[in-house]
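Colleague: Dumping the structure here so I can ask a few things about it.
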Amino acid sequence: ILNVEQSPQSLHVQEGDSTNFTCSFPSSNFYALHWYRWETAKSPEALFVMTLNGDEKKKGRISATLNTKEGYSYLYIKGSQPEDSATYLCAFKRVANDYKLSFGAGTTVTVRA
Amino acid sequence: SQTIHQWPATLVQPVGSPLSLECTVEGTSNPNLYWYRQAAGRGLQLLFYSVGIGQISSEVPQNLSASRPQDRQFILSSKKLLLSDSGFYLCAWSVRGQGLLNSPLHFGNGTRLTVT
């Protein structure tokens, strides 16, 4: 079982404020790191697939960075809006001849208007 | 465009009863297919994945089984449900051949299973 940890478990943000949270994963045998957004009553939606150390990806007001050497990734939300309220999941894939993604428990973001 | 259908959305079953959850994918061929479960307060746990018809990889010992009778159909089953089988079940697909390197998972809407 691969240990993928996300912190904090939940956070509340005022509309317009920016925020960030962390995903920690094993630093050895890194293959890929996925980020998903899971809104209430919807299915999880892929945000990013990250593969290279130092990689930075952006989608609208959401961006993510990756440090494979130390085993962490940050997700940033700039100028939070109520529609950003969701649980954000990260998932780690190690180097192996399989299709196993190990998910963290998620960070639940609530944006207050 | 690709779509994934999963049903039923909710299910309440007594202990000892059988289970069959179905998932179908449209708009893509030869997908990798997955069954995940989320127990309360925990992350998504991979139960099974399949890279082709009749090919099933099981990740955890459990009371469940999976089958892939057709290329775009994935079924999760149990002969006798346990209380511990309660949870939220998600089906997903990804593009075969990209090893989750460039292809993320695409999830269905999930099934809330309550075993009473």
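Ordering of the structure tokens sets the chain letters (A, B, ...), residue numbers begin anew at 1 in every chain, and ligands are numbered from 1 in the order given.
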I'd like the neighbourhood of Leu33 of chain A as a PyMOL selection string, where a residue qualifies if any of its atoms comes within 8 Å (using only C-alpha atoms), though same-chain residues fewer than 4 positions away should be ignored.
Modeller: chain A and resi 49-51+90-93
Colleague: Would you return as an MDAnalysis selection string the members of chain B that DSSP assigns to strand (DSSP E or B) on this structure's backbone?
Modeller: chainID B and resid 3:7 10:13 19:26 32:38 44:52 55:58 65:70 73:78 87:94 106:107 111:115
Colleague: Skip segment 64-69 of chain A itself and residues of its chain fewer than 5 positions away, then list as a PyMOL selection string all residues within 12 Å of it, counting only C-alpha atoms.
Modeller: chain A and resi 19-36+47-59+74-78+88+90+92-94
Colleague: Residues of chain A that have any atom at most 6 Å from an atom of chain B: could you tabulate them with the shortest-distance atom pair and the distance in Å to one decimal, using only C-alpha atoms, ordered by chain and increasing number, as JSON lines?
Modeller:
```
{"residue": "A:Ala32", "atom": "CA", "partner": "B:Leu101", "partner_atom": "CA", "distance": 5.9}
{"residue": "A:Ser43", "atom": "CA", "partner": "B:Asn109", "partner_atom": "CA", "distance": 4.7}
{"residue": "A:Phe103", "atom": "CA", "partner": "B:Gly43", "partner_atom": "CA", "distance": 5.6}
{"residue": "A:Gly104", "atom": "CA", "partner": "B:Gly43", "partner_atom": "CA", "distance": 5.2}
{"residue": "A:Ala105", "atom": "CA", "partner": "B:Gly43", "partner_atom": "CA", "distance": 3.8}
```
Colleague: Using only C-alpha atoms, which residue out of B:Ala9, B:Gln2, B:Ile56, B:Gln62 lies closest to Leu21 of chain B?
Modeller: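 The answer is B:Ala9, which sits nearest to Leu21 of chain B.
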Colleague: So how many Å separate atom CA of Gln73 of chain B and atom CA of Ser20 of chain B, to one decimal?
Modeller: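 Computing the Euclidean distance for atom CA of Gln73 of chain B and atom CA of Ser20 of chain B yields 12.5 Å.
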Colleague: May I have the residues within 10 Å of Thr28 of chain B as a PDB file with all heavy atoms, in the first residue's frame, using only C-alpha atoms and disregarding those fewer than 4 positions away in the same chain?
Modeller:
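around-v3.pdb, freshly written:
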```pdb
ATOM      1  N   SER B   1     -17.776  12.142 -28.628  1.00  0.00           N
ATOM      2  CA  SER B   1     -17.104  12.240 -27.341  1.00  0.00           C
ATOM      3  C   SER B   1     -17.369  10.966 -26.533  1.00  0.00           C
ATOM      4  O   SER B   1     -18.310  10.233 -26.797  1.00  0.00           O
ATOM      5  CB  SER B   1     -17.606  13.460 -26.570  1.00  0.00           C
ATOM      6  OG  SER B   1     -18.970  13.335 -26.301  1.00  0.00           O
ATOM      7  N   GLN B   2     -16.499  10.737 -25.584  1.00  0.00           N
ATOM      8  CA  GLN B   2     -16.609   9.530 -24.775  1.00  0.00           C
ATOM      9  C   GLN B   2     -17.533   9.754 -23.578  1.00  0.00           C
ATOM     10  O   GLN B   2     -17.532  10.823 -22.983  1.00  0.00           O
ATOM     11  CB  GLN B   2     -15.226   9.114 -24.264  1.00  0.00           C
ATOM     12  CG  GLN B   2     -14.210   8.881 -25.346  1.00  0.00           C
ATOM     13  CD  GLN B   2     -13.422  10.133 -25.689  1.00  0.00           C
ATOM     14  OE1 GLN B   2     -13.671  11.200 -25.140  1.00  0.00           O
ATOM     15  NE2 GLN B   2     -12.483  10.022 -26.609  1.00  0.00           N
ATOM     16  N   THR B   3     -18.311   8.745 -23.288  1.00  0.00           N
ATOM     17  CA  THR B   3     -19.169   8.809 -22.105  1.00  0.00           C
ATOM     18  C   THR B   3     -19.078   7.500 -21.355  1.00  0.00           C
ATOM     19  O   THR B   3     -18.787   6.454 -21.943  1.00  0.00           O
ATOM     20  CB  THR B   3     -20.635   9.081 -22.470  1.00  0.00           C
ATOM     21  OG1 THR B   3     -21.079   8.083 -23.389  1.00  0.00           O
ATOM     22  CG2 THR B   3     -20.818  10.455 -23.084  1.00  0.00           C
ATOM     23  N   ILE B   4     -19.319   7.561 -20.078  1.00  0.00           N
ATOM     24  CA  ILE B   4     -19.308   6.368 -19.230  1.00  0.00           C
ATOM     25  C   ILE B   4     -20.605   6.337 -18.445  1.00  0.00           C
ATOM     26  O   ILE B   4     -21.009   7.355 -17.873  1.00  0.00           O
ATOM     27  CB  ILE B   4     -18.060   6.345 -18.316  1.00  0.00           C
ATOM     28  CG1 ILE B   4     -18.089   5.118 -17.403  1.00  0.00           C
ATOM     29  CG2 ILE B   4     -17.908   7.630 -17.539  1.00  0.00           C
ATOM     30  CD1 ILE B   4     -16.759   4.888 -16.676  1.00  0.00           C
ATOM     31  N   ASP B  71     -15.854  -5.499 -24.712  1.00  0.00           N
ATOM     32  CA  ASP B  71     -14.748  -4.538 -24.668  1.00  0.00           C
ATOM     33  C   ASP B  71     -15.044  -3.324 -23.811  1.00  0.00           C
ATOM     34  O   ASP B  71     -14.169  -2.812 -23.113  1.00  0.00           O
ATOM     35  CB  ASP B  71     -14.425  -4.086 -26.101  1.00  0.00           C
ATOM     36  CG  ASP B  71     -13.277  -3.091 -26.144  1.00  0.00           C
ATOM     37  OD1 ASP B  71     -12.233  -3.366 -25.523  1.00  0.00           O
ATOM     38  OD2 ASP B  71     -13.432  -2.040 -26.785  1.00  0.00           O
ATOM     39  N   ARG B  72     -16.299  -2.859 -23.843  1.00  0.00           N
ATOM     40  CA  ARG B  72     -16.610  -1.614 -23.145  1.00  0.00           C
ATOM     41  C   ARG B  72     -17.607  -1.823 -22.015  1.00  0.00           C
ATOM     42  O   ARG B  72     -18.333  -0.906 -21.637  1.00  0.00           O
ATOM     43  CB  ARG B  72     -17.139  -0.581 -24.147  1.00  0.00           C
ATOM     44  CG  ARG B  72     -16.057  -0.088 -25.099  1.00  0.00           C
ATOM     45  CD  ARG B  72     -16.627   0.743 -26.227  1.00  0.00           C
ATOM     46  NE  ARG B  72     -17.380  -0.065 -27.166  1.00  0.00           N
ATOM     47  CZ  ARG B  72     -18.050   0.434 -28.199  1.00  0.00           C
ATOM     48  NH1 ARG B  72     -18.099   1.733 -28.403  1.00  0.00           N
ATOM     49  NH2 ARG B  72     -18.722  -0.362 -29.013  1.00  0.00           N
ATOM     50  N   TRP B  93     -12.513   4.719 -16.757  1.00  0.00           N
ATOM     51  CA  TRP B  93     -11.774   4.206 -17.910  1.00  0.00           C
ATOM     52  C   TRP B  93     -10.590   5.123 -18.191  1.00  0.00           C
ATOM     53  O   TRP B  93     -10.558   6.288 -17.789  1.00  0.00           O
ATOM     54  CB  TRP B  93     -12.664   4.084 -19.145  1.00  0.00           C
ATOM     55  CG  TRP B  93     -13.083   5.383 -19.768  1.00  0.00           C
ATOM     56  CD1 TRP B  93     -14.178   6.129 -19.434  1.00  0.00           C
ATOM     57  CD2 TRP B  93     -12.421   6.083 -20.827  1.00  0.00           C
ATOM     58  NE1 TRP B  93     -14.232   7.254 -20.221  1.00  0.00           N
ATOM     59  CE2 TRP B  93     -13.176   7.251 -21.088  1.00  0.00           C
ATOM     60  CE3 TRP B  93     -11.271   5.831 -21.580  1.00  0.00           C
ATOM     61  CZ2 TRP B  93     -12.823   8.166 -22.075  1.00  0.00           C
ATOM     62  CZ3 TRP B  93     -10.913   6.745 -22.559  1.00  0.00           C
ATOM     63  CH2 TRP B  93     -11.687   7.904 -22.797  1.00  0.00           C
ATOM     64  N   SER B  94      -9.599   4.571 -18.875  1.00  0.00           N
ATOM     65  CA  SER B  94      -8.473   5.371 -19.360  1.00  0.00           C
ATOM     66  C   SER B  94      -8.053   4.818 -20.713  1.00  0.00           C
ATOM     67  O   SER B  94      -8.419   3.703 -21.088  1.00  0.00           O
ATOM     68  CB  SER B  94      -7.305   5.359 -18.375  1.00  0.00           C
ATOM     69  OG  SER B  94      -6.679   4.079 -18.337  1.00  0.00           O
ATOM     70  N   VAL B  95      -7.283   5.608 -21.428  1.00  0.00           N
ATOM     71  CA  VAL B  95      -6.835   5.204 -22.752  1.00  0.00           C
ATOM     72  C   VAL B  95      -5.794   4.106 -22.614  1.00  0.00           C
ATOM     73  O   VAL B  95      -4.816   4.243 -21.875  1.00  0.00           O
ATOM     74  CB  VAL B  95      -6.237   6.404 -23.515  1.00  0.00           C
ATOM     75  CG1 VAL B  95      -5.657   5.958 -24.845  1.00  0.00           C
ATOM     76  CG2 VAL B  95      -7.282   7.491 -23.702  1.00  0.00           C
TER      77      VAL B  95
END
```
